[in-house]
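Student: Before I ask anything, here is the structure I am working with.
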Amino acid sequence: MIALTLSPEVTAAKAAGQPIVALESTIITHGMPWPQNVETARLVEAEVRTHGAVPATIAVIDGALHIGLTDAQLDALGQATDVTKLSRADMAACIATGGTGATTVAATMIAANLAGIEVFATGGIGGVHRGAETSFDISADLAELAQTAVTVVAAGAKAILDIPKTLEVLETSGVPVITFAQKDFPAFWSRNSGLPSPLSMDSPADIAKAHRTRGAMGLPGGQLVGNPIPLEAEIPRETLAPVIEAALAAAQSQGIAAKQVTPFLLDHIFHATEGASLTANIALVRNNARLAAKIAAELVETP
């Protein structure tokens, strides 16, 4: 078993049996500029604490897998350069070679599971990219959800993806997709994707019970909880659709491919919406942290 480096706050929470919510670190290193990245990370951590749980931001620092970061570590990571973006394929190599890396959804799920943390709040999951029938570009997040027993709270799949195919892959993989408090699956910046959600639940308690029941049945994998962005923060799907199409066309014309696609598209959309997409992103991540904290608290009550 690999050694984990727990922050003092997470160490105390585990000893006291308090609910804990895992948080990714790519939003810090690859999602926003300094100092907004660290300011946002602290806002998200504060949402978790306010709603009854302890945050555990996860990252690899100098070869050590950290479960929870101190203020100094968060500041240092927010200003670091050449930080690797880690998923299942390269996480172990980064640790073995003493590297520093930020965790994606898949890598955060792996680390959370190793640490015994059952709930993880993120922004939006990766999924099937448009044109995947020829590129085979499918996020490792989907495979991770099928095999790692962590409930992931996200504002749906990123709207730049092929959401119908993403839902098909999740269904084929046996991953429960549960939308919170509405029947339509959310699409990151927008509350509705135009697609019905496979499942819908109205309470954190029911989501926690579903997580426990899967474990009792011996079913592998986790759950994806689609948590719609707050109404006042959303960018309607009809407004975003032409912006996304223009971003995709620009990526194709410039030969953007593989891991560079998502950052390119998000940057294009940020400028096209005059920053509104980033404002919405911050609002939805905070909203997901609130729901994840409530689910984590219910899991403590339902051992």
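Convention: chains lettered A, B, ... in structure tokens order; per-chain residue numbering from 1; ligands numbered from 1 as shown.
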Mind dumping a table of every stretch 62-160 of chain A residue within 10 Å of stretch 261-278 of chain A, with the nearest atom pair and its distance in Å to one decimal, using only C-alpha atoms, sorted by chain and rising number, as JSON lines?
Tutor:
{"residue": "A:Gly126", "atom": "CA", "partner": "A:Thr262", "partner_atom": "CA", "distance": 9.1}
{"residue": "A:His129", "atom": "CA", "partner": "A:Val261", "partner_atom": "CA", "distance": 9.2}
{"residue": "A:Lys158", "atom": "CA", "partner": "A:Thr262", "partner_atom": "CA", "distance": 9.3}
{"residue": "A:Ile160", "atom": "CA", "partner": "A:Leu265", "partner_atom": "CA", "distance": 7.5}
Student: Near stretch 40-42 of chain A, counting only C-alpha atoms, which residues have an atom at most 9 Å away, once you skip same-chain residues fewer than 2 positions from it, shown as a count of residues only?
Tutor: 18
Student: May I have the residues within 8 Å of A:Phe188 as a list of chain:residue names, using only C-alpha atoms and disregarding those fewer than 5 positions away in the same chain?
Tutor: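 Contacts, in chain order: A:Gly123, A:Gly124, A:Ala154, A:Ala155, A:Gly156, A:Ala157, A:Lys158, A:Ala159, A:Pro228, A:Ile229, A:Asn281, A:Leu284.
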Student: Could you name the residues that touch A:Thr108 at 12 Å or less, counting only C-alpha atoms, but leaving out those on the same chain fewer than 3 positions away, as a ChimeraX atom specification?
Tutor: /A:21-27,56-60,65-68,85-88,91,101-105,111-115,117-122,125,140-141,144-145,148-152
Student: Any chance you could list, as a PDB file with all heavy atoms, in the first residue's frame, the residues in stretch 20-104 of chain A that come up strand (DSSP E or B) when DSSP is run on the backbone?
Tutor:
ATOM      1  N   ILE A  20     -15.788  13.693   5.168  1.00  0.00           N
ATOM      2  CA  ILE A  20     -14.711  14.312   4.390  1.00  0.00           C
ATOM      3  C   ILE A  20     -15.114  14.330   2.918  1.00  0.00           C
ATOM      4  O   ILE A  20     -15.703  13.373   2.416  1.00  0.00           O
ATOM      5  CB  ILE A  20     -13.383  13.540   4.562  1.00  0.00           C
ATOM      6  CG1 ILE A  20     -12.989  13.470   6.041  1.00  0.00           C
ATOM      7  CG2 ILE A  20     -12.260  14.193   3.755  1.00  0.00           C
ATOM      8  CD1 ILE A  20     -11.779  12.571   6.311  1.00  0.00           C
ATOM      9  N   VAL A  21     -14.787  15.415   2.229  1.00  0.00           N
ATOM     10  CA  VAL A  21     -15.050  15.541   0.800  1.00  0.00           C
ATOM     11  C   VAL A  21     -13.736  15.759   0.070  1.00  0.00           C
ATOM     12  O   VAL A  21     -12.983  16.691   0.389  1.00  0.00           O
ATOM     13  CB  VAL A  21     -16.010  16.726   0.514  1.00  0.00           C
ATOM     14  CG1 VAL A  21     -16.139  16.958  -0.994  1.00  0.00           C
ATOM     15  CG2 VAL A  21     -17.377  16.462   1.131  1.00  0.00           C
ATOM     16  N   ALA A  22     -13.460  14.908  -0.903  1.00  0.00           N
ATOM     17  CA  ALA A  22     -12.259  15.061  -1.729  1.00  0.00           C
ATOM     18  C   ALA A  22     -12.474  16.162  -2.764  1.00  0.00           C
ATOM     19  O   ALA A  22     -13.583  16.366  -3.261  1.00  0.00           O
ATOM     20  CB  ALA A  22     -11.937  13.745  -2.430  1.00  0.00           C
ATOM     21  N   LEU A  23     -11.393  16.889  -3.073  1.00  0.00           N
ATOM     22  CA  LEU A  23     -11.412  17.945  -4.085  1.00  0.00           C
ATOM     23  C   LEU A  23     -10.220  17.765  -5.004  1.00  0.00           C
ATOM     24  O   LEU A  23      -9.136  17.397  -4.552  1.00  0.00           O
ATOM     25  CB  LEU A  23     -11.360  19.329  -3.430  1.00  0.00           C
ATOM     26  CG  LEU A  23     -12.491  19.668  -2.446  1.00  0.00           C
ATOM     27  CD1 LEU A  23     -12.170  20.956  -1.692  1.00  0.00           C
ATOM     28  CD2 LEU A  23     -13.825  19.790  -3.168  1.00  0.00           C
ATOM     29  N   VAL A  54     -15.265  18.115   6.037  1.00  0.00           N
ATOM     30  CA  VAL A  54     -13.875  18.575   5.982  1.00  0.00           C
ATOM     31  C   VAL A  54     -13.354  18.400   4.563  1.00  0.00           C
ATOM     32  O   VAL A  54     -13.493  17.322   3.976  1.00  0.00           O
ATOM     33  CB  VAL A  54     -13.004  17.776   6.972  1.00  0.00           C
ATOM     34  CG1 VAL A  54     -11.525  18.106   6.788  1.00  0.00           C
ATOM     35  CG2 VAL A  54     -13.442  18.078   8.408  1.00  0.00           C
ATOM     36  N   PRO A  55     -12.764  19.436   3.969  1.00  0.00           N
ATOM     37  CA  PRO A  55     -12.245  19.317   2.604  1.00  0.00           C
ATOM     38  C   PRO A  55     -10.887  18.629   2.566  1.00  0.00           C
ATOM     39  O   PRO A  55     -10.064  18.811   3.474  1.00  0.00           O
ATOM     40  CB  PRO A  55     -12.127  20.767   2.148  1.00  0.00           C
ATOM     41  CG  PRO A  55     -11.862  21.531   3.412  1.00  0.00           C
ATOM     42  CD  PRO A  55     -12.612  20.810   4.504  1.00  0.00           C
ATOM     43  N   ALA A  56     -10.667  17.852   1.507  1.00  0.00           N
ATOM     44  CA  ALA A  56      -9.372  17.208   1.297  1.00  0.00           C
ATOM     45  C   ALA A  56      -8.954  17.426  -0.153  1.00  0.00           C
ATOM     46  O   ALA A  56      -9.293  16.635  -1.043  1.00  0.00           O
ATOM     47  CB  ALA A  56      -9.455  15.723   1.613  1.00  0.00           C
ATOM     48  N   THR A  57      -8.273  18.544  -0.406  1.00  0.00           N
ATOM     49  CA  THR A  57      -7.753  18.805  -1.747  1.00  0.00           C
ATOM     50  C   THR A  57      -6.563  17.876  -1.989  1.00  0.00           C
ATOM     51  O   THR A  57      -5.674  17.753  -1.140  1.00  0.00           O
ATOM     52  CB  THR A  57      -7.339  20.274  -1.891  1.00  0.00           C
ATOM     53  OG1 THR A  57      -8.483  21.102  -1.651  1.00  0.00           O
ATOM     54  CG2 THR A  57      -6.794  20.555  -3.275  1.00  0.00           C
ATOM     55  N   ILE A  58      -6.553  17.221  -3.134  1.00  0.00           N
ATOM     56  CA  ILE A  58      -5.595  16.147  -3.397  1.00  0.00           C
ATOM     57  C   ILE A  58      -4.598  16.557  -4.480  1.00  0.00           C
ATOM     58  O   ILE A  58      -4.975  17.139  -5.501  1.00  0.00           O
ATOM     59  CB  ILE A  58      -6.345  14.858  -3.796  1.00  0.00           C
ATOM     60  CG1 ILE A  58      -7.144  14.344  -2.580  1.00  0.00           C
ATOM     61  CG2 ILE A  58      -5.402  13.789  -4.328  1.00  0.00           C
ATOM     62  CD1 ILE A  58      -8.081  13.214  -2.873  1.00  0.00           C
ATOM     63  N   ALA A  59      -3.322  16.256  -4.248  1.00  0.00           N
ATOM     64  CA  ALA A  59      -2.271  16.537  -5.229  1.00  0.00           C
ATOM     65  C   ALA A  59      -1.049  15.673  -4.925  1.00  0.00           C
ATOM     66  O   ALA A  59      -0.888  15.171  -3.801  1.00  0.00           O
ATOM     67  CB  ALA A  59      -1.885  18.016  -5.204  1.00  0.00           C
ATOM     68  N   VAL A  60      -0.200  15.512  -5.924  1.00  0.00           N
ATOM     69  CA  VAL A  60       1.101  14.871  -5.730  1.00  0.00           C
ATOM     70  C   VAL A  60       2.146  15.977  -5.675  1.00  0.00           C
ATOM     71  O   VAL A  60       2.251  16.789  -6.605  1.00  0.00           O
ATOM     72  CB  VAL A  60       1.426  13.882  -6.866  1.00  0.00           C
ATOM     73  CG1 VAL A  60       2.838  13.319  -6.697  1.00  0.00           C
ATOM     74  CG2 VAL A  60       0.400  12.751  -6.898  1.00  0.00           C
ATOM     75  N   ILE A  61       2.911  16.036  -4.578  1.00  0.00           N
ATOM     76  CA  ILE A  61       3.931  17.062  -4.397  1.00  0.00           C
ATOM     77  C   ILE A  61       5.258  16.378  -4.088  1.00  0.00           C
ATOM     78  O   ILE A  61       5.381  15.660  -3.088  1.00  0.00           O
ATOM     79  CB  ILE A  61       3.555  18.036  -3.259  1.00  0.00           C
ATOM     80  CG1 ILE A  61       2.215  18.734  -3.564  1.00  0.00           C
ATOM     81  CG2 ILE A  61       4.662  19.071  -3.061  1.00  0.00           C
ATOM     82  CD1 ILE A  61       1.701  19.606  -2.435  1.00  0.00           C
ATOM     83  N   ALA A  64       5.035  12.739  -3.219  1.00  0.00           N
ATOM     84  CA  ALA A  64       4.164  12.324  -2.109  1.00  0.00           C
ATOM     85  C   ALA A  64       2.712  12.610  -2.467  1.00  0.00           C
ATOM     86  O   ALA A  64       2.388  13.695  -2.954  1.00  0.00           O
ATOM     87  CB  ALA A  64       4.544  13.069  -0.835  1.00  0.00           C
ATOM     88  N   LEU A  65       1.843  11.627  -2.229  1.00  0.00           N
ATOM     89  CA  LEU A  65       0.419  11.786  -2.509  1.00  0.00           C
ATOM     90  C   LEU A  65      -0.240  12.435  -1.296  1.00  0.00           C
ATOM     91  O   LEU A  65      -0.382  11.814  -0.240  1.00  0.00           O
ATOM     92  CB  LEU A  65      -0.217  10.427  -2.811  1.00  0.00           C
ATOM     93  CG  LEU A  65      -1.721  10.422  -3.122  1.00  0.00           C
ATOM     94  CD1 LEU A  65      -2.064  11.422  -4.218  1.00  0.00           C
ATOM     95  CD2 LEU A  65      -2.173   9.018  -3.504  1.00  0.00           C
ATOM     96  N   HIS A  66      -0.627  13.696  -1.450  1.00  0.00           N
ATOM     97  CA  HIS A  66      -1.193  14.478  -0.356  1.00  0.00           C
ATOM     98  C   HIS A  66      -2.713  14.409  -0.375  1.00  0.00           C
ATOM     99  O   HIS A  66      -3.353  14.689  -1.391  1.00  0.00           O
ATOM    100  CB  HIS A  66      -0.745  15.935  -0.459  1.00  0.00           C
ATOM    101  CG  HIS A  66       0.678  16.150  -0.060  1.00  0.00           C
ATOM    102  ND1 HIS A  66       1.044  16.621   1.184  1.00  0.00           N
ATOM    103  CD2 HIS A  66       1.832  15.940  -0.738  1.00  0.00           C
ATOM    104  CE1 HIS A  66       2.351  16.702   1.259  1.00  0.00           C
ATOM    105  NE2 HIS A  66       2.866  16.298   0.100  1.00  0.00           N
ATOM    106  N   ILE A  67      -3.280  14.072   0.766  1.00  0.00           N
ATOM    107  CA  ILE A  67      -4.724  14.063   0.964  1.00  0.00           C
ATOM    108  C   ILE A  67      -5.041  15.233   1.885  1.00  0.00           C
ATOM    109  O   ILE A  67      -4.930  15.147   3.103  1.00  0.00           O
ATOM    110  CB  ILE A  67      -5.198  12.732   1.593  1.00  0.00           C
ATOM    111  CG1 ILE A  67      -4.619  11.527   0.838  1.00  0.00           C
ATOM    112  CG2 ILE A  67      -6.713  12.688   1.647  1.00  0.00           C
ATOM    113  CD1 ILE A  67      -5.058  11.423  -0.608  1.00  0.00           C
ATOM    114  N   THR A  84       2.368  18.539 -13.725  1.00  0.00           N
ATOM    115  CA  THR A  84       1.759  17.524 -14.582  1.00  0.00           C
ATOM    116  C   THR A  84       0.276  17.367 -14.260  1.00  0.00           C
ATOM    117  O   THR A  84      -0.131  17.414 -13.101  1.00  0.00           O
ATOM    118  CB  THR A  84       2.462  16.167 -14.374  1.00  0.00           C
ATOM    119  OG1 THR A  84       3.864  16.330 -14.596  1.00  0.00           O
ATOM    120  CG2 THR A  84       1.927  15.107 -15.334  1.00  0.00           C
ATOM    121  N   LYS A  85      -0.523  17.176 -15.296  1.00  0.00           N
ATOM    122  CA  LYS A  85      -1.948  16.903 -15.134  1.00  0.00           C
ATOM    123  C   LYS A  85      -2.120  15.390 -15.074  1.00  0.00           C
ATOM    124  O   LYS A  85      -1.879  14.683 -16.052  1.00  0.00           O
ATOM    125  CB  LYS A  85      -2.728  17.493 -16.313  1.00  0.00           C
ATOM    126  CG  LYS A  85      -4.236  17.460 -16.162  1.00  0.00           C
ATOM    127  CD  LYS A  85      -4.886  18.173 -17.355  1.00  0.00           C
ATOM    128  CE  LYS A  85      -6.393  18.191 -17.240  1.00  0.00           C
ATOM    129  NZ  LYS A  85      -7.010  18.905 -18.392  1.00  0.00           N
ATOM    130  N   LEU A  86      -2.506  14.881 -13.902  1.00  0.00           N
ATOM    131  CA  LEU A  86      -2.451  13.443 -13.651  1.00  0.00           C
ATOM    132  C   LEU A  86      -3.789  12.743 -13.827  1.00  0.00           C
ATOM    133  O   LEU A  86      -4.814  13.208 -13.345  1.00  0.00           O
ATOM    134  CB  LEU A  86      -1.966  13.180 -12.222  1.00  0.00           C
ATOM    135  CG  LEU A  86      -0.577  13.702 -11.857  1.00  0.00           C
ATOM    136  CD1 LEU A  86      -0.290  13.394 -10.394  1.00  0.00           C
ATOM    137  CD2 LEU A  86       0.489  13.079 -12.755  1.00  0.00           C
ATOM    138  N   GLY A 101       2.259  16.794  -9.410  1.00  0.00           N
ATOM    139  CA  GLY A 101       1.150  16.715 -10.350  1.00  0.00           C
ATOM    140  C   GLY A 101      -0.169  17.069  -9.702  1.00  0.00           C
ATOM    141  O   GLY A 101      -0.370  16.868  -8.505  1.00  0.00           O
ATOM    142  N   ALA A 102      -1.065  17.611 -10.528  1.00  0.00           N
ATOM    143  CA  ALA A 102      -2.422  17.934 -10.087  1.00  0.00           C
ATOM    144  C   ALA A 102      -3.360  16.834 -10.557  1.00  0.00           C
ATOM    145  O   ALA A 102      -3.206  16.296 -11.655  1.00  0.00           O
ATOM    146  CB  ALA A 102      -2.845  19.277 -10.661  1.00  0.00           C
ATOM    147  N   THR A 103      -4.325  16.517  -9.745  1.00  0.00           N
ATOM    148  CA  THR A 103      -5.192  15.381 -10.031  1.00  0.00           C
ATOM    149  C   THR A 103      -6.445  15.783 -10.803  1.00  0.00           C
ATOM    150  O   THR A 103      -7.122  16.746 -10.478  1.00  0.00           O
ATOM    151  CB  THR A 103      -5.621  14.676  -8.732  1.00  0.00           C
ATOM    152  OG1 THR A 103      -6.232  15.642  -7.843  1.00  0.00           O
ATOM    153  CG2 THR A 103      -4.431  14.051  -8.040  1.00  0.00           C
TER     154      THR A 103
END
Student: Write out as JSON, numbers by chain each polymer residue whose atoms come within 10 Å of A:Arg191, counting only C-alpha atoms; drop sequence neighbours fewer than 4 positions from it.
Tutor: {"A": [155, 156, 182, 184, 185, 186, 187, 226, 227, 228, 229, 230, 231, 233, 234, 235, 236, 237]}
Student: Take the residues that were just selected and, keeping N, CA and C atoms, output them as a PDB file, in the first residue's frame.
Tutor:
ATOM      1  N   ALA A 155     -21.466  19.136 -12.062  1.00  0.00           N
ATOM      2  CA  ALA A 155     -22.565  19.822 -12.744  1.00  0.00           C
ATOM      3  C   ALA A 155     -22.801  19.181 -14.109  1.00  0.00           C
ATOM      4  N   GLY A 156     -22.830  17.861 -14.126  1.00  0.00           N
ATOM      5  CA  GLY A 156     -22.988  17.117 -15.366  1.00  0.00           C
ATOM      6  C   GLY A 156     -21.662  16.977 -16.092  1.00  0.00           C
ATOM      7  N   GLN A 182     -33.933  17.341 -10.192  1.00  0.00           N
ATOM      8  CA  GLN A 182     -34.599  17.608 -11.465  1.00  0.00           C
ATOM      9  C   GLN A 182     -34.494  16.367 -12.356  1.00  0.00           C
ATOM     10  N   ASP A 184     -33.956  16.403 -15.832  1.00  0.00           N
ATOM     11  CA  ASP A 184     -33.046  16.540 -16.972  1.00  0.00           C
ATOM     12  C   ASP A 184     -31.591  16.543 -16.514  1.00  0.00           C
ATOM     13  N   PHE A 185     -30.730  15.905 -17.281  1.00  0.00           N
ATOM     14  CA  PHE A 185     -29.304  15.873 -16.969  1.00  0.00           C
ATOM     15  C   PHE A 185     -28.705  17.252 -17.243  1.00  0.00           C
ATOM     16  N   PRO A 186     -27.911  17.789 -16.304  1.00  0.00           N
ATOM     17  CA  PRO A 186     -27.334  19.119 -16.504  1.00  0.00           C
ATOM     18  C   PRO A 186     -26.128  19.103 -17.445  1.00  0.00           C
ATOM     19  N   ALA A 187     -25.818  20.283 -17.982  1.00  0.00           N
ATOM     20  CA  ALA A 187     -24.706  20.407 -18.930  1.00  0.00           C
ATOM     21  C   ALA A 187     -23.747  21.511 -18.500  1.00  0.00           C
ATOM     22  N   GLY A 226     -25.363  14.384 -10.915  1.00  0.00           N
ATOM     23  CA  GLY A 226     -25.463  15.613 -11.681  1.00  0.00           C
ATOM     24  C   GLY A 226     -26.178  16.675 -10.865  1.00  0.00           C
ATOM     25  N   ASN A 227     -25.466  17.739 -10.530  1.00  0.00           N
ATOM     26  CA  ASN A 227     -26.009  18.803  -9.683  1.00  0.00           C
ATOM     27  C   ASN A 227     -26.129  20.075 -10.522  1.00  0.00           C
ATOM     28  N   PRO A 228     -27.330  20.473 -10.914  1.00  0.00           N
ATOM     29  CA  PRO A 228     -27.475  21.632 -11.802  1.00  0.00           C
ATOM     30  C   PRO A 228     -26.905  22.910 -11.210  1.00  0.00           C
ATOM     31  N   ILE A 229     -26.251  23.685 -12.051  1.00  0.00           N
ATOM     32  CA  ILE A 229     -25.731  24.988 -11.642  1.00  0.00           C
ATOM     33  C   ILE A 229     -26.880  25.838 -11.098  1.00  0.00           C
ATOM     34  N   PRO A 230     -26.657  26.664 -10.075  1.00  0.00           N
ATOM     35  CA  PRO A 230     -27.728  27.532  -9.576  1.00  0.00           C
ATOM     36  C   PRO A 230     -28.327  28.381 -10.700  1.00  0.00           C
ATOM     37  N   LEU A 231     -29.630  28.569 -10.649  1.00  0.00           N
ATOM     38  CA  LEU A 231     -30.355  29.262 -11.712  1.00  0.00           C
ATOM     39  C   LEU A 231     -29.776  30.633 -12.008  1.00  0.00           C
ATOM     40  N   ALA A 233     -26.853  31.664 -11.828  1.00  0.00           N
ATOM     41  CA  ALA A 233     -25.485  31.649 -12.366  1.00  0.00           C
ATOM     42  C   ALA A 233     -25.386  30.996 -13.741  1.00  0.00           C
ATOM     43  N   GLU A 234     -26.449  30.369 -14.208  1.00  0.00           N
ATOM     44  CA  GLU A 234     -26.342  29.588 -15.438  1.00  0.00           C
ATOM     45  C   GLU A 234     -26.234  30.448 -16.692  1.00  0.00           C
ATOM     46  N   ILE A 235     -25.625  29.869 -17.724  1.00  0.00           N
ATOM     47  CA  ILE A 235     -25.652  30.413 -19.080  1.00  0.00           C
ATOM     48  C   ILE A 235     -26.545  29.465 -19.879  1.00  0.00           C
ATOM     49  N   PRO A 236     -27.670  29.922 -20.380  1.00  0.00           N
ATOM     50  CA  PRO A 236     -28.612  29.021 -21.049  1.00  0.00           C
ATOM     51  C   PRO A 236     -27.969  28.270 -22.208  1.00  0.00           C
ATOM     52  N   ARG A 237     -28.424  27.043 -22.405  1.00  0.00           N
ATOM     53  CA  ARG A 237     -27.895  26.179 -23.461  1.00  0.00           C
ATOM     54  C   ARG A 237     -28.008  26.849 -24.830  1.00  0.00           C
TER      55      ARG A 237
END
Student: Counting only C-alpha atoms, which of A:Pro220, A:Thr70, A:Leu161, A:Pro33 gets nearest to A:Pro8?
Tutor: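 Between A:Pro220, A:Thr70, A:Leu161, A:Pro33, the residue approaching A:Pro8 most closely is A:Thr70.
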Student: Determine the nearest neighbour of A:Thr97 from the options A:Gly63, A:Gly131, A:Gly221, A:Gly78, counting only C-alpha atoms.
Tutor: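 Closest to A:Thr97, using only C-alpha atoms: A:Gly63.
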Student: Residues near A:Val175, anyone? I mean within 8 Å using only C-alpha atoms, not counting same-chain ones fewer than 3 positions away, as a list in words.
Tutor: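 These residues fall inside the cut-off: Leu145, Ala146, Leu170, Glu171, Thr172, Gly221, Gly222, Gln223 and Leu224 of chain A.
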Student: Calculate how many Å separate atom CA of A:Gly127 from atom CA of A:Lys165, rounding to one decimal.
Tutor: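 Atom-to-atom, atom CA of A:Gly127 and atom CA of A:Lys165 are spaced 8.3 Å apart.
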Student: To one decimal in Å, tell me the separation between atom CA of A:Asp82 and atom CA of A:Thr100.
Tutor: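 Value for the atom CA of A:Asp82-atom CA of A:Thr100 distance: 8.6 Å.
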